>>> print(open('entry-v2.txt').read())   # compact mmCIF, C-alpha atoms and all ligand atoms
# COMPACT_ATOMS: atom_id res chain seq x y z
CA LEU A 23 6.41 -44.23 -43.12
CA GLU A 24 3.30 -45.93 -41.99
CA ILE A 25 2.05 -49.29 -40.84
CA LEU A 26 -1.16 -50.68 -42.22
CA LEU A 27 -3.11 -52.19 -39.38
CA PRO A 28 -6.50 -53.88 -39.65
CA LYS A 29 -9.42 -51.65 -38.77
CA LEU A 30 -10.58 -52.84 -35.35
CA HIS A 31 -13.90 -54.63 -35.27
CA ASP A 32 -16.71 -53.10 -33.20
CA ALA A 33 -15.93 -54.91 -29.96
CA GLN A 34 -12.22 -54.16 -30.24
CA ALA A 35 -12.99 -50.51 -30.94
CA THR A 36 -15.27 -50.35 -27.89
CA VAL A 37 -12.42 -51.60 -25.74
CA ARG A 38 -9.90 -49.19 -27.25
CA ASP A 39 -12.22 -46.23 -26.79
CA GLY A 40 -13.11 -47.11 -23.21
CA ALA A 41 -9.56 -47.55 -21.99
CA ALA A 42 -8.44 -46.72 -18.47
CA ARG A 43 -4.91 -47.01 -17.21
CA PHE A 44 -5.10 -50.74 -16.46
CA ASN A 45 -7.17 -52.69 -18.95
CA VAL A 46 -8.25 -56.32 -18.76
CA VAL A 47 -9.84 -57.91 -21.81
CA ASP A 48 -11.41 -61.31 -21.23
CA CYS A 49 -12.49 -62.97 -24.43
CA GLY A 50 -13.03 -66.24 -26.23
CA ARG A 51 -10.44 -67.89 -28.40
CA ARG A 52 -9.92 -66.21 -31.77
CA TRP A 53 -11.71 -63.06 -30.67
CA GLY A 54 -8.88 -60.89 -31.94
CA LYS A 55 -6.74 -60.45 -28.84
CA ASN A 56 -3.52 -60.33 -30.83
CA VAL A 57 -4.94 -57.86 -33.33
CA LEU A 58 -6.11 -55.52 -30.56
CA LEU A 59 -2.86 -55.80 -28.61
CA HIS A 60 -0.77 -55.14 -31.73
CA ASP A 61 -2.86 -52.07 -32.32
CA ARG A 62 -2.37 -50.83 -28.77
CA GLY A 63 1.36 -51.54 -28.78
CA ILE A 64 2.06 -49.90 -32.12
CA ASP A 65 -0.15 -46.96 -31.23
CA SER A 66 1.99 -46.19 -28.21
CA LEU A 67 5.28 -46.76 -30.04
CA MET A 68 4.35 -44.34 -32.81
CA ALA A 69 2.68 -41.71 -30.64
CA ASP A 70 4.91 -41.62 -27.57
CA ARG A 71 8.25 -42.86 -28.96
CA LEU A 72 8.97 -44.46 -25.62
CA PRO A 73 9.69 -48.08 -24.71
CA VAL A 74 6.83 -50.58 -24.81
CA ALA A 75 6.95 -54.15 -23.48
CA TRP A 76 5.05 -57.19 -24.69
CA PHE A 77 4.83 -60.22 -22.40
CA ALA A 78 3.83 -63.76 -23.37
CA PRO A 79 3.27 -66.64 -20.91
CA THR A 80 5.90 -68.99 -22.30
CA TYR A 81 8.94 -68.87 -24.51
CA LYS A 82 7.11 -70.79 -27.21
CA MET A 83 4.22 -68.33 -27.29
CA LEU A 84 6.68 -65.47 -27.24
CA ALA A 85 8.43 -66.83 -30.32
CA GLU A 86 5.13 -66.83 -32.22
CA ASP A 87 4.20 -63.33 -31.08
CA TRP A 88 7.69 -62.09 -31.96
CA ARG A 89 7.50 -63.49 -35.49
CA GLU A 90 4.08 -61.94 -36.03
CA LEU A 91 4.91 -58.49 -34.70
CA LYS A 92 8.30 -58.33 -36.35
CA GLY A 93 6.55 -58.94 -39.67
CA LYS A 94 3.92 -56.28 -39.06
CA MET A 95 6.50 -53.69 -38.04
CA ALA A 96 9.11 -54.36 -40.71
CA GLU A 97 8.44 -50.98 -42.35
CA VAL A 98 9.10 -48.94 -39.23
CA ALA A 99 11.82 -50.99 -37.55
CA VAL A 100 15.26 -49.47 -37.80
CA GLY A 101 17.00 -52.02 -35.62
CA LYS A 102 16.31 -55.52 -34.48
CA LEU A 103 17.94 -57.75 -31.88
CA GLU A 104 16.71 -61.29 -32.47
CA GLN A 105 18.18 -62.78 -29.31
CA GLU A 106 16.76 -60.08 -27.05
CA HIS A 107 13.45 -59.84 -28.94
CA ARG A 108 13.90 -56.12 -29.25
CA LEU A 109 12.75 -53.83 -32.07
CA GLU A 110 13.88 -50.25 -32.42
CA VAL A 111 11.39 -48.07 -34.19
CA VAL A 112 11.78 -44.98 -36.35
CA GLY A 113 11.72 -41.91 -34.14
CA GLY A 114 12.99 -43.54 -30.98
CA GLY A 115 10.44 -46.03 -29.69
CA VAL A 116 11.58 -49.46 -28.59
CA LEU A 117 9.59 -52.66 -28.30
CA ASP A 118 10.87 -55.34 -25.89
CA MET A 119 9.25 -58.73 -25.88
CA TRP A 120 9.58 -60.99 -22.84
CA SER A 121 8.50 -64.44 -21.89
CA LEU A 122 7.04 -64.80 -18.42
CA ASP A 123 8.47 -68.19 -17.64
CA GLN A 124 11.33 -66.03 -16.41
CA PRO A 125 9.66 -62.81 -15.30
CA ASP A 126 12.74 -61.52 -13.50
CA ALA A 127 14.43 -60.75 -16.81
CA ALA A 128 12.33 -57.59 -17.16
CA ARG A 129 13.13 -56.28 -13.69
CA GLY A 130 14.42 -52.74 -13.58
CA ARG A 131 13.12 -51.71 -17.03
CA ARG A 132 10.93 -48.69 -17.69
CA TYR A 133 7.95 -48.76 -20.01
CA ARG A 134 5.31 -46.40 -21.28
CA ARG A 135 2.98 -49.28 -22.01
CA VAL A 136 2.99 -52.97 -21.14
CA ILE A 137 1.00 -55.63 -22.89
CA ILE A 138 0.35 -59.10 -21.51
CA ASN A 139 -0.92 -61.56 -24.07
CA GLU A 140 -2.83 -64.66 -22.94
CA ALA A 141 -2.61 -63.30 -19.43
CA ALA A 142 -4.75 -66.09 -17.91
CA GLN A 143 -2.05 -68.56 -18.88
CA VAL A 144 0.80 -66.70 -17.24
CA PRO A 145 2.39 -68.80 -14.50
CA HIS A 146 2.35 -66.85 -11.22
CA LEU A 147 0.60 -63.87 -12.79
CA LYS A 148 0.12 -62.21 -9.41
CA ASP A 149 3.85 -62.19 -8.62
CA ALA A 150 4.84 -61.29 -12.16
CA TRP A 151 2.42 -58.37 -12.17
CA GLU A 152 3.09 -57.04 -8.68
CA MET A 153 6.81 -57.56 -8.38
CA VAL A 154 8.08 -57.13 -11.92
CA ILE A 155 5.65 -55.66 -14.41
CA ARG A 156 3.73 -53.05 -12.45
CA PRO A 157 6.94 -51.35 -11.18
CA THR A 158 8.19 -50.88 -14.78
CA LEU A 159 5.33 -48.41 -15.29
CA ALA A 160 6.27 -46.04 -12.49
CA ASP A 161 8.71 -43.75 -14.32
CA TYR A 162 6.52 -42.92 -17.30
CA VAL A 163 3.21 -43.38 -15.47
CA GLY A 164 2.62 -46.03 -18.06
CA ASP A 165 -0.49 -48.03 -18.79
CA ALA A 166 -1.23 -51.73 -19.22
CA TRP A 167 -3.22 -54.06 -21.45
CA LEU A 168 -3.94 -57.62 -20.39
CA ALA A 169 -5.89 -59.93 -22.65
CA GLY A 170 -6.70 -63.59 -22.28
CA THR A 171 -9.16 -66.45 -22.43
CA PRO A 172 -10.15 -67.45 -18.89
CA ARG A 173 -8.63 -70.30 -16.91
CA GLY A 174 -10.97 -70.66 -13.97
CA HIS A 175 -10.78 -68.43 -10.95
CA ASN A 176 -7.08 -67.54 -11.09
CA HIS A 177 -5.40 -64.15 -10.78
CA PHE A 178 -6.53 -63.07 -14.23
CA PHE A 179 -10.07 -63.41 -12.89
CA GLU A 180 -9.18 -61.23 -9.90
CA LEU A 181 -7.79 -58.51 -12.13
CA PHE A 182 -10.85 -58.78 -14.33
CA GLN A 183 -13.05 -58.26 -11.28
CA ARG A 184 -11.11 -55.16 -10.33
CA GLY A 185 -12.01 -53.66 -13.67
CA GLN A 186 -15.70 -54.39 -13.14
CA ASP A 187 -15.80 -52.36 -9.95
CA VAL A 188 -14.84 -49.00 -11.35
CA ALA A 189 -16.06 -47.13 -8.28
CA ALA A 190 -13.57 -48.96 -6.10
CA ASN A 191 -10.81 -49.10 -8.72
CA PRO A 192 -11.02 -46.04 -10.96
CA ASP A 193 -7.76 -46.93 -12.75
CA TRP A 194 -9.03 -50.30 -13.85
CA ARG A 195 -11.46 -51.35 -16.56
CA SER A 196 -12.41 -54.75 -17.91
CA TRP A 197 -14.47 -56.22 -20.72
CA ARG A 198 -15.78 -59.64 -21.54
CA TYR A 199 -16.58 -60.79 -25.08
CA PRO A 200 -17.40 -64.14 -26.65
CA THR A 201 -15.59 -65.34 -29.75
CA SER A 202 -18.74 -64.60 -31.72
CA SER A 203 -18.18 -60.85 -31.45
CA ASN A 204 -15.32 -61.24 -33.93
CA PRO A 205 -17.08 -60.84 -37.31
CA TYR A 206 -14.14 -62.53 -39.06
CA ILE A 207 -14.82 -65.89 -37.44
CA LEU A 208 -17.55 -67.93 -39.11
CA SER A 209 -20.49 -68.60 -36.84
CA GLU A 210 -20.58 -72.15 -38.26
CA GLU A 211 -17.14 -72.73 -36.77
CA ILE A 212 -18.32 -71.66 -33.35
CA GLU A 213 -21.39 -73.87 -33.64
CA ALA A 214 -19.15 -76.80 -34.60
CA ALA A 215 -17.04 -76.18 -31.50
CA ARG A 216 -20.17 -76.05 -29.35
CA LEU A 217 -21.11 -79.50 -30.61
CA ASP A 218 -17.62 -80.91 -30.05
CA LEU A 219 -16.94 -79.71 -26.54
CA PRO A 220 -18.41 -80.34 -23.12
CA GLU A 221 -20.60 -77.44 -22.16
CA ARG A 222 -18.28 -76.05 -19.49
CA VAL A 223 -15.29 -76.13 -21.81
CA PHE A 224 -17.24 -74.33 -24.53
CA ARG A 225 -18.36 -71.73 -22.03
CA GLN A 226 -14.80 -71.07 -20.99
CA GLU A 227 -13.09 -71.14 -24.36
CA TYR A 228 -15.72 -69.48 -26.56
CA LEU A 229 -18.00 -67.54 -24.21
CA ALA A 230 -15.10 -66.42 -22.00
CA ASP A 231 -16.92 -67.45 -18.80
CA PHE A 232 -14.88 -67.71 -15.64
CA ILE A 233 -16.15 -71.13 -14.68
CA GLU A 234 -15.22 -72.69 -11.38
CA GLY A 235 -12.24 -74.84 -12.16
CA GLU A 236 -12.50 -77.81 -9.90
CA GLY A 237 -14.99 -80.49 -9.27
CA ALA A 238 -16.81 -83.46 -10.66
CA ILE A 239 -16.40 -83.87 -14.36
CA PHE A 240 -19.04 -86.45 -15.29
CA ARG A 241 -22.62 -85.32 -14.99
CA ASN A 242 -25.88 -86.94 -15.94
CA ILE A 243 -24.47 -90.37 -15.11
CA GLN A 244 -27.71 -91.96 -13.93
CA ALA A 245 -29.50 -91.28 -17.21
CA CYS A 246 -26.78 -93.21 -19.03
CA LEU A 247 -26.83 -96.49 -17.12
CA LYS A 248 -29.52 -98.22 -19.13
CA ALA A 249 -27.51 -100.60 -21.29
CA PRO A 250 -29.62 -103.76 -21.69
CA LYS A 251 -28.19 -107.24 -21.29
CA SER A 252 -27.38 -108.76 -24.64
CA ILE A 253 -25.42 -111.57 -26.23
CA PRO A 254 -23.07 -111.46 -29.26
CA LYS A 255 -25.64 -113.02 -31.60
CA GLN A 256 -27.93 -110.01 -31.19
CA HIS A 257 -25.23 -107.76 -32.66
CA ARG A 258 -24.73 -109.61 -35.90
CA GLY A 259 -23.30 -107.20 -38.46
CA HIS A 260 -22.74 -104.44 -35.92
CA PRO A 261 -19.32 -102.94 -35.36
CA ILE A 262 -18.08 -103.70 -31.84
CA VAL A 263 -15.20 -101.66 -30.43
CA LEU A 264 -13.08 -102.04 -27.33
CA GLY A 265 -11.22 -99.73 -24.96
CA GLY A 266 -8.66 -101.06 -22.51
CA ASP A 267 -6.41 -99.91 -19.72
CA TRP A 268 -3.66 -102.16 -18.36
CA GLY A 269 -3.39 -102.76 -14.64
CA LYS A 270 -0.17 -101.79 -12.93
CA GLN A 271 1.11 -102.81 -9.51
CA ASP A 272 -2.02 -102.20 -7.49
CA ASP A 273 -4.79 -101.36 -9.86
CA PHE A 274 -6.88 -103.15 -12.42
CA THR A 275 -6.87 -104.11 -16.04
CA THR A 276 -10.14 -102.90 -17.49
CA LEU A 277 -11.94 -103.46 -20.76
CA SER A 278 -15.08 -101.87 -22.10
CA LEU A 279 -16.87 -103.06 -25.25
CA ILE A 280 -19.36 -100.90 -27.12
CA CYS A 281 -21.74 -101.78 -29.92
CA VAL A 282 -21.54 -98.78 -32.22
CA THR A 283 -24.84 -99.53 -33.93
CA CYS A 284 -26.83 -99.99 -30.72
CA GLY A 285 -24.99 -97.24 -28.85
CA TYR A 286 -24.46 -99.17 -25.66
CA GLU A 287 -21.81 -100.98 -23.71
CA VAL A 288 -22.27 -104.71 -24.30
CA ALA A 289 -19.68 -105.97 -21.84
CA HIS A 290 -16.96 -104.89 -19.52
CA ASP A 291 -14.32 -106.59 -17.44
CA ARG A 292 -12.03 -105.65 -14.58
CA PHE A 293 -9.35 -107.86 -13.05
CA ASN A 294 -6.15 -107.42 -11.11
CA LYS A 295 -3.96 -110.28 -12.18
CA ILE A 296 -0.87 -108.73 -13.63
CA ASP A 297 0.57 -111.88 -15.11
CA TYR A 298 1.19 -111.08 -18.82
CA ALA A 299 0.01 -114.34 -20.27
CA PHE A 300 -3.17 -114.19 -18.22
CA GLN A 301 -3.95 -110.63 -19.30
CA ARG A 302 -3.32 -111.46 -22.92
CA LYS A 303 -5.58 -114.52 -22.91
CA ARG A 304 -8.36 -112.63 -21.26
CA VAL A 305 -8.25 -109.82 -23.80
CA GLU A 306 -8.11 -112.33 -26.64
CA SER A 307 -11.15 -114.13 -25.39
CA TRP A 308 -13.20 -110.92 -25.24
CA VAL A 309 -12.14 -109.91 -28.74
CA GLU A 310 -13.08 -113.32 -30.10
CA ARG A 311 -16.35 -113.71 -28.24
CA TRP A 312 -17.66 -110.32 -29.36
CA HIS A 313 -15.95 -110.14 -32.74
CA VAL A 314 -14.35 -106.85 -31.85
CA GLY A 315 -13.43 -104.98 -35.02
CA TYR A 316 -11.32 -102.24 -33.53
CA GLY A 317 -9.83 -101.51 -30.14
CA LEU A 318 -7.87 -98.75 -28.52
CA VAL A 319 -5.71 -99.66 -25.54
CA GLU A 320 -3.33 -97.73 -23.39
CA ARG A 321 0.26 -98.11 -24.44
CA ASN A 322 2.21 -96.84 -21.45
CA SER A 323 4.91 -98.78 -19.64
CA MET A 324 3.70 -102.34 -19.32
CA GLY A 325 1.02 -101.91 -21.97
CA ASP A 326 3.60 -101.92 -24.71
CA PRO A 327 4.88 -105.52 -24.68
CA ILE A 328 1.40 -107.00 -24.18
CA LEU A 329 -0.03 -104.87 -26.94
CA GLU A 330 2.72 -105.86 -29.35
CA GLU A 331 2.08 -109.53 -28.75
CA LEU A 332 -1.64 -109.09 -29.23
CA GLN A 333 -1.04 -107.22 -32.46
CA ARG A 334 1.34 -109.93 -33.68
CA SER A 335 -1.35 -112.51 -33.16
CA GLY A 336 -3.63 -110.45 -35.40
CA LEU A 337 -5.88 -108.63 -32.93
CA PRO A 338 -7.24 -105.32 -34.30
CA LEU A 339 -5.86 -103.22 -31.45
CA VAL A 340 -4.14 -99.86 -31.59
CA GLY A 341 -2.10 -98.24 -28.81
CA PHE A 342 -3.00 -94.94 -27.19
CA ASP A 343 -0.33 -92.89 -25.39
CA THR A 344 -1.83 -91.27 -22.34
CA THR A 345 -0.06 -87.97 -21.67
CA ALA A 346 -0.89 -84.67 -20.05
CA ILE A 347 -1.75 -83.47 -23.55
CA SER A 348 -3.72 -86.44 -24.86
CA LYS A 349 -5.72 -87.19 -21.72
CA PRO A 350 -7.86 -84.05 -21.30
CA PRO A 351 -9.57 -84.25 -24.72
CA LEU A 352 -10.11 -87.98 -24.23
CA ILE A 353 -11.84 -87.45 -20.90
CA GLU A 354 -13.77 -84.38 -22.09
CA SER A 355 -15.11 -86.38 -24.99
CA LEU A 356 -16.44 -89.04 -22.61
CA ALA A 357 -17.98 -86.33 -20.40
CA LEU A 358 -19.72 -84.98 -23.47
CA ALA A 359 -21.12 -88.43 -24.29
CA PHE A 360 -22.69 -88.47 -20.81
CA GLU A 361 -24.12 -84.97 -21.13
CA ARG A 362 -25.70 -85.90 -24.46
CA GLU A 363 -26.70 -89.44 -23.44
CA GLU A 364 -24.98 -90.72 -26.54
CA ILE A 365 -24.03 -94.08 -25.11
CA GLN A 366 -25.74 -96.25 -22.51
CA TRP A 367 -23.48 -98.06 -20.08
CA ILE A 368 -23.80 -101.14 -17.92
CA ASP A 369 -25.06 -100.29 -14.46
CA ASP A 370 -22.22 -101.51 -12.25
CA PRO A 371 -21.61 -99.93 -8.84
CA VAL A 372 -17.80 -100.01 -9.06
CA TRP A 373 -17.71 -98.47 -12.51
CA THR A 374 -20.29 -95.85 -11.58
CA ALA A 375 -18.42 -94.90 -8.40
CA GLU A 376 -15.25 -94.18 -10.37
CA LEU A 377 -17.17 -91.96 -12.76
CA GLU A 378 -18.75 -90.06 -9.90
CA ALA A 379 -15.45 -89.54 -8.12
CA TYR A 380 -13.52 -88.41 -11.17
CA GLU A 381 -12.15 -84.91 -10.76
CA ARG A 382 -10.93 -82.02 -12.76
CA LYS A 383 -8.14 -79.98 -11.21
CA VAL A 384 -6.77 -76.72 -12.43
CA SER A 385 -3.14 -75.93 -11.79
CA ALA A 386 -2.79 -72.60 -10.02
CA VAL A 387 0.55 -72.18 -11.74
CA THR A 388 -0.13 -73.01 -15.37
CA GLY A 389 -3.94 -72.78 -15.41
CA ARG A 390 -4.08 -76.13 -17.21
CA SER A 391 -6.71 -78.72 -16.43
CA SER A 392 -5.85 -82.21 -15.43
CA TYR A 393 -8.21 -85.11 -14.83
CA SER A 394 -7.84 -87.97 -12.44
CA ALA A 395 -9.32 -90.07 -9.69
CA PRO A 396 -9.10 -88.44 -6.27
CA GLU A 397 -6.05 -89.21 -4.13
CA GLY A 398 -5.96 -92.95 -3.49
CA GLY A 399 -8.77 -93.78 -5.92
CA HIS A 400 -8.66 -95.66 -9.23
CA ASP A 401 -9.48 -94.38 -12.65
CA ASP A 402 -8.95 -97.45 -14.80
CA THR A 403 -12.63 -98.07 -15.53
CA VAL A 404 -13.01 -94.46 -16.66
CA MET A 405 -10.00 -94.82 -18.94
CA ALA A 406 -11.32 -98.02 -20.51
CA ARG A 407 -14.65 -96.37 -21.27
CA ALA A 408 -13.04 -93.20 -22.56
CA LEU A 409 -10.89 -95.27 -24.91
CA ALA A 410 -13.88 -97.36 -26.02
CA ARG A 411 -15.80 -94.20 -26.81
CA LYS A 412 -12.85 -92.86 -28.80
CA ALA A 413 -12.54 -96.17 -30.62
CA ALA A 414 -16.22 -95.88 -31.56
CA LEU A 415 -15.65 -92.38 -32.93
CA ASP A 416 -12.36 -93.15 -34.70
CA GLY A 417 -12.87 -96.43 -36.37
CA GLY A 418 -15.99 -98.09 -35.13
CA GLY A 419 -18.28 -97.25 -37.97
CA LEU A 420 -15.93 -98.61 -40.58
CA ILE A 421 -15.25 -102.09 -39.39
CA VAL A 422 -18.05 -104.60 -39.30
CA PHE A 423 -17.41 -108.22 -38.49
CA GLU A 424 -20.01 -110.83 -39.22
CA VAL A 425 -20.99 -112.78 -36.16
N1 LIG A 501 -10.05 -56.14 -36.65
C1 LIG A 501 -9.82 -57.21 -37.40
N2 LIG A 501 -9.78 -57.15 -38.75
C2 LIG A 501 -9.55 -58.24 -39.51
N3 LIG A 501 -9.34 -59.47 -39.02
C3 LIG A 501 -9.34 -59.61 -37.68
C4 LIG A 501 -9.57 -58.49 -36.80
N4 LIG A 501 -9.51 -58.96 -35.53
C5 LIG A 501 -9.26 -60.26 -35.61
N5 LIG A 501 -9.16 -60.67 -36.90
C6 LIG A 501 -8.88 -62.02 -37.37
O1 LIG A 501 -9.46 -62.95 -36.49
C7 LIG A 501 -8.58 -64.06 -36.25
C8 LIG A 501 -8.27 -64.15 -34.78
O2 LIG A 501 -7.53 -63.03 -34.40
P1 LIG A 501 -6.39 -63.11 -33.29
O3 LIG A 501 -5.99 -61.72 -32.99
O4 LIG A 501 -5.32 -64.07 -33.66
O5 LIG A 501 -7.25 -63.71 -32.10
P2 LIG A 501 -6.82 -64.26 -30.67
O6 LIG A 501 -5.47 -63.68 -30.38
O7 LIG A 501 -7.89 -63.75 -29.77
O8 LIG A 501 -6.84 -65.75 -30.80
C9 LIG A 501 -7.36 -63.80 -37.12
O9 LIG A 501 -7.51 -64.49 -38.33
C10 LIG A 501 -7.38 -62.31 -37.31
O10 LIG A 501 -6.74 -61.94 -38.50
MG MG A 502 -3.78 -64.86 -29.77
>>> encode(input="entry-v2.txt", output="structure tokens", more="lines below")
Ligand SMILES: Nc1ncnc2c1ncn2[C@@H]1O[C@H](COP(=O)(O)OP(=O)(O)O)[C@@H](O)[C@H]1O
Ligand SMILES: [Mg+2]
Amino acid sequence: LEILLPKLHDAQATVRDGAARFNVVDCGRRWGKNVLLHDRGIDSLMADRLPVAWFAPTYKMLAEDWRELKGKMAEVAVGKLEQEHRLEVVGGGVLDMWSLDQPDAARGRRYRRVIINEAAQVPHLKDAWEMVIRPTLADYVGDAWLAGTPRGHNHFFELFQRGQDVAANPDWRSWRYPTSSNPYILSEEIEAARLDLPERVFRQEYLADFIEGEGAIFRNIQACLKAPKSIPKQHRGHPIVLGGDWGKQDDFTTLSLICVTCGYEVAHDRFNKIDYAFQRKRVESWVERWHVGYGLVERNSMGDPILEELQRSGLPLVGFDTTAISKPPLIESLALAFEREEIQWIDDPVWTAELEAYERKVSAVTGRSSYSAPEGGHDDTVMARALARKAALDGGGLIVFEV
């Protein structure tokens, strides 16, 4: 019986051959973390015939890893417990797969080798490692493999640093590789990602840099505040798009209008009357005055009824649901437009101040980024501009209204 595994690529082979007891592999997305970790797990199962554990950050990721490994090991599996995510292997080895949203489940087990996939995304990695996972290695003097794409300066970064200082930590070793060291990923794909992402995001996700997580998100603002004054007539035949954010109890309704052809903001508006009819009229008048061809407006809570009425009266507006998932790419895309000076904006102190104050925060628990105004500040002007920029990318080029 044998399992056919892919031959490791050069970088993967370097890691395998340089292994210590505790191994931390920091690499870009699609570098081949799963392929390397499969190789290491199966190697131990077949050679040592002792239990091996595989950990994934969440139940969802575990389900994917389970499906993949189960398939690879079909030839050598003699028993399989779907519920427990356990595979028994010819000759006596056992593979247990665990999700780390409930790390305690693995307490009290004994393993010859443990593998932690996407380790930078493990909630409470420090506790999971120290209190649950590390102790499972004591009986067999087992070893460990952690691989991940960085998430700022969290505990994965600390473990990575341990492996860099071999003199102080002889049991630890770590490596860092960009996605590009995987020869099976087209370099064109990586170049395309470089063009699509803000520089710091690209550095983290593809170059595997441990970038500082927190801080200002918009840079190069001053260079992008040169939108000239203009009137609708000057934009005859140009597509004009709009982004809008509805005011709630104590913040503002904001609108930003961009001329896609000229690449600058032609108008913006900010007001804090929350009366529905008033808001609707004001939006209508902007759409009419500038012959807006396409607009993207927030759809949450109170946005919904206003938006529906505006759509019923024929305005070319589409709703955008702002969620923890949809917001980061929206904001990152606007940050990228500033870095590249793709759009010029109206120089307005209030709107500039909100851009300057805008922050990125990284959750110490999940490692995910979130974007918002600082405590007590507003972010509605940033949202309007981010939506206007997205409207320009999505539909702006297609819809031209004659002025
Ligand atoms: N040694 C290898 N041989 C062949 N293909 C590989 C090898 N390593 C990685 N790949 C391919 O590269 C892609 C990314 O690998 P994967 O292990 O899923 O990366 P990651 O887990 O880092 O996102 C997959 O299509 C995988 O099949
Ligand atoms: Mg993977």
>>> axis_aligned_box(input="entry-v2.txt", around="stretch 122-140 of chain A", padding_each_side="5 Å", output="lines of an AutoDock Vina configuration file")
center_x = 5.8
center_y = -57.3
center_z = -18.8
size_x = 27.3
size_y = 31.8
size_z = 20.6
>>> residues_around(input="entry-v2.txt", residues="stretch 212-214 of chain A", least_positions_apart="4", cutoff="10 Å", atoms="all atoms listed in the file", output="list in words")
Thr201, Ser202, Ile207, Leu208, Asp218, Leu219, Phe224 and Tyr228 of chain A
>>> atom_distance(input="entry-v2.txt", atom1="atom CA of A:Val100", atom2="atom CA of A:Pro28")
22.3 Å
>>> closest_atom_pairs(input="entry-v2.txt", of="stretch 143-168 of chain A", to="stretch 387-401 of chain A", cutoff="7 Å", atoms="all atoms listed in the file", output="JSON lines")
{"residue": "A:Gln143", "atom": "CA", "partner": "A:Gly389", "partner_atom": "CA", "distance": 5.8}
{"residue": "A:Val144", "atom": "CA", "partner": "A:Thr388", "partner_atom": "CA", "distance": 6.6}
{"residue": "A:Pro145", "atom": "CA", "partner": "A:Val387", "partner_atom": "CA", "distance": 4.7}
{"residue": "A:His146", "atom": "CA", "partner": "A:Val387", "partner_atom": "CA", "distance": 5.6}
>>> residues_near_ligand(input="entry-v2.txt", ligand="ligand MG 502 (chain A)", cutoff="9 Å", atoms="all atoms listed in the file", output="count of residues only")
12
>>> residues_around(input="entry-v2.txt", residues="A:Gln183", least_positions_apart="3", cutoff="10 Å", atoms="only C-alpha atoms", output="list in words")
Val46, His177, Phe178, Phe179, Glu180, Gln186, Asp187, Val188, Asn191, Trp194, Arg195, Ser196 and Trp197 of chain A
>>> residues_around(input="entry-v2.txt", residues="A:Asp343", least_positions_apart="2", cutoff="9 Å", atoms="all atoms listed in the file", output="PyMOL selection string")
chain A and resi 319-322+341+345+348-349
>>> closest_residue(input="entry-v2.txt", among="A:Ala150, A:Ile353, A:Ile155, A:Ile365", to="A:Pro220", atoms="all atoms listed in the file")
A:Ile353
>>> closest_residue(input="entry-v2.txt", among="A:Leu58, A:Ala375, A:Leu91, A:Ile233", to="A:His175", atoms="only C-alpha atoms")
A:Ile233
>>> atom_distance(input="entry-v2.txt", atom1="atom CA of A:Ala289", atom2="atom CA of A:Gly266")
12.1 Å
>>> closest_residue(input="entry-v2.txt", among="A:Met95, A:Leu329, A:Ala127, A:Ala346", to="A:Asp61", atoms="all atoms listed in the file")
A:Met95
>>> residues_around(input="entry-v2.txt", residues="A:Ala299", least_positions_apart="5", cutoff="12 Å", atoms="all atoms listed in the file", output="list in words")
Arg304, Val305, Glu306, Pro327, Ile328, Leu329, Glu331 and Leu332 of chain A
>>> residues_around(input="entry-v2.txt", residues="A:Glu90", least_positions_apart="3", cutoff="12 Å", atoms="all atoms listed in the file", output="ChimeraX atom specification")
/A:56-57,59-60,83-87,93-96,107,119
